[in-house]
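Source file: entry17.txt (compact mmCIF, C-alpha atoms and all ligand atoms)
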```
# COMPACT_ATOMS: atom_id res chain seq x y z
CA ALA U 1 19.10 9.93 2.10
CA GLU U 2 17.84 10.22 5.69
CA GLU U 3 18.80 13.88 6.01
CA VAL U 4 16.10 14.87 3.52
CA GLY U 5 13.57 12.72 5.37
CA GLY U 6 11.59 15.73 6.54
CA ASP U 7 10.70 16.72 2.99
CA ASP U 8 9.65 13.30 1.79
CA LYS U 9 6.02 13.70 2.72
CA GLU U 10 5.47 16.97 0.86
CA VAL U 11 7.30 15.67 -2.20
CA VAL U 12 5.20 12.50 -2.12
CA ARG U 13 1.92 14.44 -1.74
CA GLU U 14 2.76 16.69 -4.66
CA TYR U 15 3.82 13.72 -6.80
CA PHE U 16 0.66 11.68 -6.14
CA ASN U 17 -1.57 14.67 -6.88
CA ASN U 18 0.08 15.23 -10.26
CA SER U 19 2.37 13.11 -12.46
CA GLY U 20 2.36 10.23 -9.96
CA PHE U 21 -1.42 10.19 -9.99
CA GLN U 22 -1.50 9.85 -13.80
CA ARG U 23 1.20 7.20 -13.80
CA TRP U 24 -0.24 5.04 -11.01
CA LYS U 25 -3.87 5.41 -12.07
CA LYS U 26 -2.80 3.84 -15.36
CA ILE U 27 -0.74 1.09 -13.74
CA TYR U 28 -3.54 0.22 -11.28
CA GLY U 29 -6.18 0.40 -14.01
CA GLU U 30 -7.13 -1.95 -16.79
CA THR U 31 -6.45 0.02 -19.96
CA ASP U 32 -3.99 -1.13 -22.62
CA ASP U 33 -1.92 2.06 -22.74
CA VAL U 34 0.82 0.72 -20.49
CA ASN U 35 4.33 -0.21 -21.48
CA ARG U 36 5.96 -3.57 -20.72
CA VAL U 37 7.42 -2.44 -17.40
CA GLN U 38 4.15 -0.87 -16.25
CA LYS U 39 2.27 -4.01 -17.26
CA ASP U 40 4.65 -6.08 -15.15
CA ILE U 41 4.25 -3.76 -12.15
CA ARG U 42 0.47 -3.95 -12.60
CA LEU U 43 0.71 -7.75 -12.39
CA GLY U 44 2.97 -7.69 -9.32
CA HIS U 45 0.74 -5.21 -7.51
CA SER U 46 -2.39 -7.21 -8.28
CA LYS U 47 -0.69 -10.25 -6.73
CA THR U 48 0.06 -8.22 -3.59
CA VAL U 49 -3.60 -7.20 -3.35
CA GLU U 50 -4.68 -10.81 -3.90
CA ASN U 51 -2.27 -12.13 -1.26
CA ALA U 52 -3.40 -9.48 1.20
CA ILE U 53 -7.04 -10.49 0.69
CA THR U 54 -6.09 -14.13 1.23
CA MET U 55 -4.28 -13.22 4.48
CA LEU U 56 -7.29 -11.17 5.56
CA THR U 57 -9.85 -13.88 4.89
CA ASP U 58 -7.77 -16.95 5.84
CA ASP U 59 -9.22 -17.48 9.29
CA ASP U 60 -12.54 -15.71 9.17
CA SER U 61 -14.95 -13.78 6.98
CA LEU U 62 -14.56 -10.00 6.79
CA ARG U 63 -18.28 -9.37 7.11
CA GLY U 64 -18.81 -6.49 9.54
CA VAL U 65 -15.07 -6.22 10.32
CA THR U 66 -13.66 -2.68 10.47
CA VAL U 67 -10.64 -2.22 8.20
CA CYS U 68 -8.54 0.89 7.72
CA ASP U 69 -6.76 1.03 4.34
CA ALA U 70 -4.03 3.62 4.91
CA GLY U 71 -2.68 5.06 1.65
CA CYS U 72 -5.55 3.54 -0.35
CA GLY U 73 -4.49 4.86 -3.77
CA THR U 74 -7.22 4.23 -6.35
CA GLY U 75 -8.99 1.73 -4.10
CA SER U 76 -7.42 -1.50 -5.44
CA LEU U 77 -7.76 -3.10 -2.02
CA SER U 78 -10.58 -1.09 -0.43
CA ILE U 79 -13.13 -2.01 -3.11
CA PRO U 80 -12.64 -5.81 -2.95
CA LEU U 81 -12.63 -5.59 0.86
CA ALA U 82 -16.01 -3.83 0.78
CA LYS U 83 -17.23 -6.61 -1.52
CA GLU U 84 -16.16 -9.08 1.19
CA GLY U 85 -18.43 -7.26 3.62
CA ALA U 86 -15.77 -5.24 5.50
CA ILE U 87 -16.56 -1.79 6.89
CA VAL U 88 -13.72 0.08 5.21
CA THR U 89 -12.17 3.44 6.07
CA ALA U 90 -9.90 4.37 3.16
CA THR U 91 -7.56 7.33 3.36
CA ASP U 92 -4.75 8.75 1.29
CA ILE U 93 -2.50 11.79 1.41
CA SER U 94 -3.45 12.57 -2.23
CA ALA U 95 -6.81 14.21 -2.92
CA ALA U 96 -6.57 13.07 -6.55
CA MET U 97 -6.20 9.44 -5.46
CA VAL U 98 -9.09 9.67 -3.01
CA ALA U 99 -11.38 11.18 -5.67
CA GLU U 100 -10.45 8.40 -8.10
CA ALA U 101 -10.99 5.69 -5.47
CA GLN U 102 -14.40 7.16 -4.61
CA LYS U 103 -15.38 7.22 -8.29
CA GLN U 104 -14.28 3.62 -8.85
CA ALA U 105 -16.03 2.42 -5.71
CA GLU U 106 -19.28 4.00 -6.86
CA GLU U 107 -18.92 2.36 -10.28
CA GLN U 108 -18.01 -1.06 -8.94
CA LEU U 109 -20.02 -1.33 -5.74
CA LEU U 110 -23.28 0.30 -6.70
CA ALA U 111 -23.43 -1.63 -9.99
CA GLY U 112 -24.38 -5.01 -8.54
CA LYS U 113 -26.85 -3.63 -6.02
CA ASP U 114 -29.81 -5.44 -7.56
CA ASP U 115 -28.64 -8.98 -6.86
CA LEU U 116 -29.68 -10.90 -3.77
CA SER U 117 -26.41 -10.87 -1.81
CA PRO U 118 -26.22 -8.19 0.92
CA ALA U 119 -25.19 -4.84 -0.55
CA PRO U 120 -21.60 -3.87 0.31
CA VAL U 121 -21.07 -0.92 2.62
CA MET U 122 -19.47 1.91 0.62
CA PRO U 123 -15.96 2.60 2.00
CA LYS U 124 -15.59 5.90 3.82
CA PHE U 125 -12.98 7.80 1.81
CA GLU U 126 -10.99 10.65 3.28
CA VAL U 127 -7.97 12.76 2.30
CA LYS U 128 -5.62 12.28 5.22
CA ASP U 129 -1.99 11.32 5.71
CA LEU U 130 -1.65 8.18 7.75
CA GLU U 131 0.19 10.02 10.51
CA SER U 132 -3.01 11.93 11.37
CA LEU U 133 -5.33 8.93 11.36
CA ASP U 134 -7.01 8.19 14.66
CA GLY U 135 -9.62 5.81 16.00
CA LYS U 136 -9.50 2.04 16.34
CA TYR U 137 -9.95 -0.60 13.68
CA HIS U 138 -10.08 -4.36 13.88
CA THR U 139 -7.53 -4.48 11.06
CA VAL U 140 -5.20 -1.89 9.54
CA VAL U 141 -3.65 -2.41 6.10
CA CYS U 142 -0.97 -0.33 4.42
CA LEU U 143 0.19 -1.57 1.03
CA ASP U 144 3.12 -0.20 -0.98
CA VAL U 145 3.34 3.08 0.95
CA LEU U 146 6.51 2.60 3.01
CA ILE U 147 8.56 2.53 -0.21
CA HIS U 148 8.23 6.34 -0.25
CA TYR U 149 9.90 6.82 3.14
CA PRO U 150 13.29 6.09 4.70
CA GLN U 151 13.42 3.63 7.60
CA SER U 152 13.83 6.50 10.08
CA LYS U 153 10.32 7.72 9.14
CA ALA U 154 8.89 4.26 8.52
CA ASP U 155 9.51 3.36 12.19
CA GLY U 156 7.10 6.05 13.36
CA MET U 157 4.55 5.22 10.66
CA ILE U 158 4.56 1.55 11.64
CA ALA U 159 4.17 2.44 15.33
CA HIS U 160 1.26 4.75 14.56
CA LEU U 161 -0.50 2.20 12.33
CA ALA U 162 -0.10 -0.45 15.04
CA SER U 163 -1.68 1.92 17.59
CA LEU U 164 -4.82 2.11 15.42
CA ALA U 165 -5.14 -1.67 15.04
CA GLU U 166 -6.86 -3.84 17.58
CA ASN U 167 -6.11 -7.24 16.06
CA ARG U 168 -3.74 -7.11 13.15
CA LEU U 169 -1.68 -4.95 10.85
CA ILE U 170 -0.82 -5.90 7.28
CA LEU U 171 2.08 -4.11 5.59
CA SER U 172 3.87 -4.43 2.30
CA PHE U 173 7.26 -2.98 1.50
CA ALA U 174 10.09 -3.39 -0.99
CA PRO U 175 12.59 -5.69 0.72
CA LYS U 176 16.17 -4.65 1.10
CA THR U 177 18.12 -7.66 0.06
CA PHE U 178 21.57 -7.79 -1.43
CA TYR U 179 20.23 -8.42 -4.93
CA TYR U 180 17.60 -5.67 -4.93
CA ASP U 181 19.98 -3.21 -3.36
CA ILE U 182 22.31 -3.72 -6.30
CA LEU U 183 19.45 -3.38 -8.79
CA LYS U 184 18.35 -0.19 -7.13
CA ARG U 185 21.85 1.26 -7.13
CA ILE U 186 22.10 0.53 -10.83
CA GLY U 187 18.68 2.17 -11.30
CA GLU U 188 19.90 5.27 -9.50
CA LEU U 189 22.90 5.54 -11.77
CA PHE U 190 20.52 5.68 -14.74
CA PRO U 191 17.40 7.44 -13.50
CA GLY U 192 14.61 7.44 -16.05
CA PRO U 193 12.78 10.66 -16.94
CA SER U 194 9.66 9.72 -14.94
CA LYS U 195 11.62 9.06 -11.78
CA ALA U 196 10.05 11.80 -9.70
CA THR U 197 10.32 10.26 -6.27
CA ARG U 198 12.89 8.17 -4.50
CA ALA U 199 12.20 4.57 -3.65
CA TYR U 200 13.36 3.29 -0.27
CA LEU U 201 13.97 -0.36 0.44
CA HIS U 202 13.40 -1.74 3.93
CA SER U 203 15.00 -4.74 5.52
CA GLU U 204 12.58 -7.18 7.06
CA ALA U 205 14.66 -7.11 10.26
CA ASP U 206 14.16 -3.32 10.51
CA VAL U 207 10.40 -3.63 10.00
CA GLU U 208 10.29 -6.44 12.55
CA ARG U 209 12.25 -4.32 15.05
CA ALA U 210 9.86 -1.38 14.57
CA LEU U 211 6.94 -3.70 15.31
CA GLN U 212 8.65 -5.27 18.33
CA LYS U 213 9.31 -1.83 19.83
CA VAL U 214 5.55 -1.29 20.12
CA GLY U 215 4.79 -4.84 21.27
CA TRP U 216 3.84 -6.46 17.97
CA LYS U 217 5.20 -9.53 16.22
CA ILE U 218 5.13 -10.84 12.67
CA ASN U 219 2.72 -13.71 12.25
CA LYS U 220 2.62 -14.38 8.50
CA ARG U 221 4.99 -13.48 5.67
CA GLY U 222 4.76 -13.54 1.93
CA LEU U 223 6.96 -12.45 -0.97
CA ILE U 224 5.65 -11.20 -4.30
CA THR U 225 8.01 -10.84 -7.22
CA THR U 226 7.70 -10.26 -10.91
CA GLN U 227 10.40 -8.94 -13.20
CA PHE U 228 10.14 -5.30 -12.08
CA TYR U 229 8.05 -5.49 -8.92
CA PHE U 230 8.95 -6.94 -5.57
CA ALA U 231 7.19 -6.72 -2.26
CA LYS U 232 7.31 -8.38 1.09
CA LEU U 233 3.91 -8.76 2.71
CA VAL U 234 3.69 -9.25 6.47
CA GLU U 235 0.86 -9.68 8.91
CA ALA U 236 1.62 -8.53 12.45
CA VAL U 237 -0.36 -9.14 15.63
CA PRO U 238 0.04 -7.99 19.23
CA ALA U 239 2.87 -10.04 20.78
N1 LIG U 301 -2.09 1.18 -1.22
C1 LIG U 301 -2.48 1.42 -2.60
C2 LIG U 301 -2.38 0.17 -3.40
O1 LIG U 301 -1.61 -0.72 -3.03
O2 LIG U 301 -3.08 0.05 -4.42
C3 LIG U 301 -1.65 2.55 -3.24
C4 LIG U 301 -0.15 2.36 -3.31
S1 LIG U 301 0.70 3.74 -4.06
C5 LIG U 301 2.25 3.10 -4.60
C6 LIG U 301 1.18 4.69 -2.65
C7 LIG U 301 0.05 5.53 -2.11
O3 LIG U 301 0.40 6.00 -0.81
C8 LIG U 301 -0.29 6.76 -2.94
O4 LIG U 301 -1.66 6.78 -3.23
C9 LIG U 301 0.14 7.92 -2.04
O5 LIG U 301 -0.62 9.08 -2.25
C10 LIG U 301 -0.06 7.32 -0.66
N2 LIG U 301 0.74 7.94 0.42
C11 LIG U 301 2.05 8.26 0.40
N3 LIG U 301 2.44 8.75 1.59
C12 LIG U 301 1.36 8.74 2.39
C13 LIG U 301 1.13 9.13 3.74
N4 LIG U 301 2.10 9.64 4.50
N5 LIG U 301 -0.11 8.97 4.25
C14 LIG U 301 -1.10 8.47 3.48
N6 LIG U 301 -0.95 8.09 2.20
C15 LIG U 301 0.28 8.21 1.65
```
Let me see whether you can do it: turn the structure in this file into structure tokens.
Amino acid sequence: AEEVGGDDKEVVREYFNNSGFQRWKKIYGETDDVNRVQKDIRLGHSKTVENAITMLTDDDSLRGVTVCDAGCGTGSLSIPLAKEGAIVTATDISAAMVAEAQKQAEEQLLAGKDDLSPAPVMPKFEVKDLESLDGKYHTVVCLDVLIHYPQSKADGMIAHLASLAENRLILSFAPKTFYYDILKRIGELFPGPSKATRAYLHSEADVERALQKVGWKINKRGLITTQFYFAKLVEAVPA
């Protein structure tokens, strides 16, 4: 697995600009043309987004807070964050994803502009892999992206994301537990036709170690599971 690590990023970019874009746009959308598994993943992912928003707004409002959404996909998180008043920078390695996120943000954020509440600031969307992000943000969020990379690469990604964050970093990943490892092994014995990319599981201890190496510690944890979707959500802060 790890020996092909260098190619993962190009494979992932290609996937999310083509078949992966079609597949995930559907899963993250609201249309009825999804199968039972996709519907379940849609539910699990929406719970992850919801939990992330709860973590983000637990202590304080997001009004005027700078947030970087690294690997923003179709904007599932960026758009609600903008509605909460955050100043969002949303980036993704896939140009197709960024275009879709921009389109959805325009539809959803400009629609309610006539009411009395302050108008949301449109997220700043950019095609960029998270490794080349720079600048400083109050908060950095990266949901369901690490699953595409082995731990050897995830370490560097986590370190880089932490370097961009002034106050907190929120990450989600597919947890490597005994049970899910078995499930995944079974899945790999019977790969479905649409299985275009590998999925990597990460142990919470490995993620925690990567954070500790750069002086960060985990502050809050959550687990989201449905039948076919599982994610660990962590909030990290400077130690
Ligand atoms: N974070 C979004 C969400 O939760 O709705 C999207 C999750 S989707 C499973 C993974 C996304 O990560 C895809 O849009 C993909 O293009 C993006 N991605 C993968 N590798 C990336 C990288 N190295 N830098 C930035 N984005 C990346």
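We find CA of Ser172 in chain U and CA of Val234 in chain U to be spaced 6.4 Å apart.
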Which of U:Thr66, U:Thr91, U:Thr225, U:Thr139 sits closest to ligand LIG 301 (chain U) [using only C-alpha atoms and all ligand atoms]: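 That would be U:Thr91, the residue with the smallest distance to ligand LIG 301 (chain U).
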My list of candidates is U:Ile218, U:Met122, U:Ile170, U:Ala159. Which is closest to Thr54 in chain U when distances are computed with all atoms listed in the file? U:Ile170
Please identify the residues whose atoms come within 9 Å of ligand LIG 301 (chain U), using all atoms listed in the file, and report them as a PyMOL selection string. chain U and resi 8-10+12-17+20-21+24+28+45-46+48-49+69-78+91-98+127-133+141-149+157+172
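Among the candidates U:Ala119, U:Ala165, U:Leu211, U:Ile182, the one nearest to Val67 in chain U when counting all atoms listed in the file is U:Ala165.
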Within 9 Å of (4.5, -5.3, -7.9), all atoms listed in the file: residues as a VMD selection string? chain U and resid 40 to 48 144 224 to 231
Point out the residue among U:Lys136, U:Lys103, U:Lys39, U:Lys26 with the least atom-to-atom distance to Ala162 in chain U, counting all atoms listed in the file.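 Distance minimum relative to Ala162 in chain U lands on U:Lys136.
For the pair CA of Gly222 in chain U and CA of Ile79 in chain U, the interatomic distance is 21.9 Å.
With only C-alpha atoms as the atoms that count, the minimum distance from Ala236 in chain U to the choices U:Gln108, U:Val207, U:Leu223, U:Gly29 is reached by U:Val207.
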How far is it from CA of Thr57 in chain U to CA of Lys217 in chain U, in Å with one decimal?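 Result for CA of Thr57 in chain U versus CA of Lys217 in chain U: 19.3 Å, one decimal.
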When distances are computed from only C-alpha atoms, which of U:Ala210, U:Ser117, U:Phe125, U:Glu84 shows the smallest separation from Gln102 in chain U? U:Phe125
Can you sort out range 198-216 of chain U so it carries N, CA, C and O atoms, written as a CSV table (one decimal), in the frame of the given file?
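For reference, out_30.csv as written:
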```csv
chain,number,residue,atom,x,y,z
U,198,ARG,N,11.9,9.2,-4.9
U,198,ARG,CA,12.9,8.2,-4.5
U,198,ARG,C,12.1,6.9,-4.1
U,198,ARG,O,11.0,7.0,-3.6
U,199,ALA,N,12.8,5.8,-4.2
U,199,ALA,CA,12.2,4.6,-3.6
U,199,ALA,C,13.1,4.1,-2.5
U,199,ALA,O,14.3,4.1,-2.7
U,200,TYR,N,12.6,3.8,-1.4
U,200,TYR,CA,13.4,3.3,-0.3
U,200,TYR,C,13.1,1.8,0.0
U,200,TYR,O,11.9,1.4,0.0
U,201,LEU,N,14.1,1.1,0.1
U,201,LEU,CA,14.0,-0.4,0.4
U,201,LEU,C,14.0,-0.5,2.0
U,201,LEU,O,14.7,0.3,2.6
U,202,HIS,N,13.4,-1.5,2.5
U,202,HIS,CA,13.4,-1.7,3.9
U,202,HIS,C,13.8,-3.2,4.2
U,202,HIS,O,13.3,-4.1,3.6
U,203,SER,N,14.7,-3.4,5.2
U,203,SER,CA,15.0,-4.7,5.5
U,203,SER,C,13.9,-5.3,6.4
U,203,SER,O,13.3,-4.6,7.2
U,204,GLU,N,13.6,-6.6,6.2
U,204,GLU,CA,12.6,-7.2,7.1
U,204,GLU,C,12.9,-7.1,8.5
U,204,GLU,O,12.1,-6.9,9.4
U,205,ALA,N,14.2,-7.2,8.9
U,205,ALA,CA,14.7,-7.1,10.3
U,205,ALA,C,14.3,-5.7,10.8
U,205,ALA,O,13.9,-5.6,12.0
U,206,ASP,N,14.5,-4.7,10.0
U,206,ASP,CA,14.2,-3.3,10.5
U,206,ASP,C,12.7,-3.2,10.8
U,206,ASP,O,12.2,-2.6,11.7
U,207,VAL,N,11.9,-3.7,9.8
U,207,VAL,CA,10.4,-3.6,10.0
U,207,VAL,C,10.0,-4.4,11.2
U,207,VAL,O,9.2,-4.0,12.1
U,208,GLU,N,10.6,-5.6,11.4
U,208,GLU,CA,10.3,-6.4,12.6
U,208,GLU,C,10.7,-5.7,13.9
U,208,GLU,O,9.9,-5.8,14.8
U,209,ARG,N,11.8,-5.1,13.9
U,209,ARG,CA,12.2,-4.3,15.0
U,209,ARG,C,11.3,-3.2,15.4
U,209,ARG,O,10.9,-3.0,16.5
U,210,ALA,N,10.8,-2.5,14.4
U,210,ALA,CA,9.9,-1.4,14.6
U,210,ALA,C,8.6,-1.9,15.2
U,210,ALA,O,8.0,-1.3,16.1
U,211,LEU,N,8.2,-3.1,14.8
U,211,LEU,CA,6.9,-3.7,15.3
U,211,LEU,C,7.2,-4.2,16.8
U,211,LEU,O,6.3,-3.9,17.6
U,212,GLN,N,8.3,-4.8,17.0
U,212,GLN,CA,8.6,-5.3,18.3
U,212,GLN,C,8.7,-4.1,19.4
U,212,GLN,O,8.2,-4.3,20.5
U,213,LYS,N,9.2,-3.0,18.9
U,213,LYS,CA,9.3,-1.8,19.8
U,213,LYS,C,8.0,-1.4,20.4
U,213,LYS,O,7.9,-0.9,21.5
U,214,VAL,N,6.9,-1.7,19.6
U,214,VAL,CA,5.6,-1.3,20.1
U,214,VAL,C,4.7,-2.5,20.5
U,214,VAL,O,3.5,-2.5,20.7
U,215,GLY,N,5.5,-3.7,20.7
U,215,GLY,CA,4.8,-4.8,21.3
U,215,GLY,C,4.0,-5.7,20.3
U,215,GLY,O,3.1,-6.4,20.6
U,216,TRP,N,4.5,-5.6,19.0
U,216,TRP,CA,3.8,-6.5,18.0
U,216,TRP,C,4.8,-7.5,17.4
U,216,TRP,O,6.0,-7.3,17.5
```
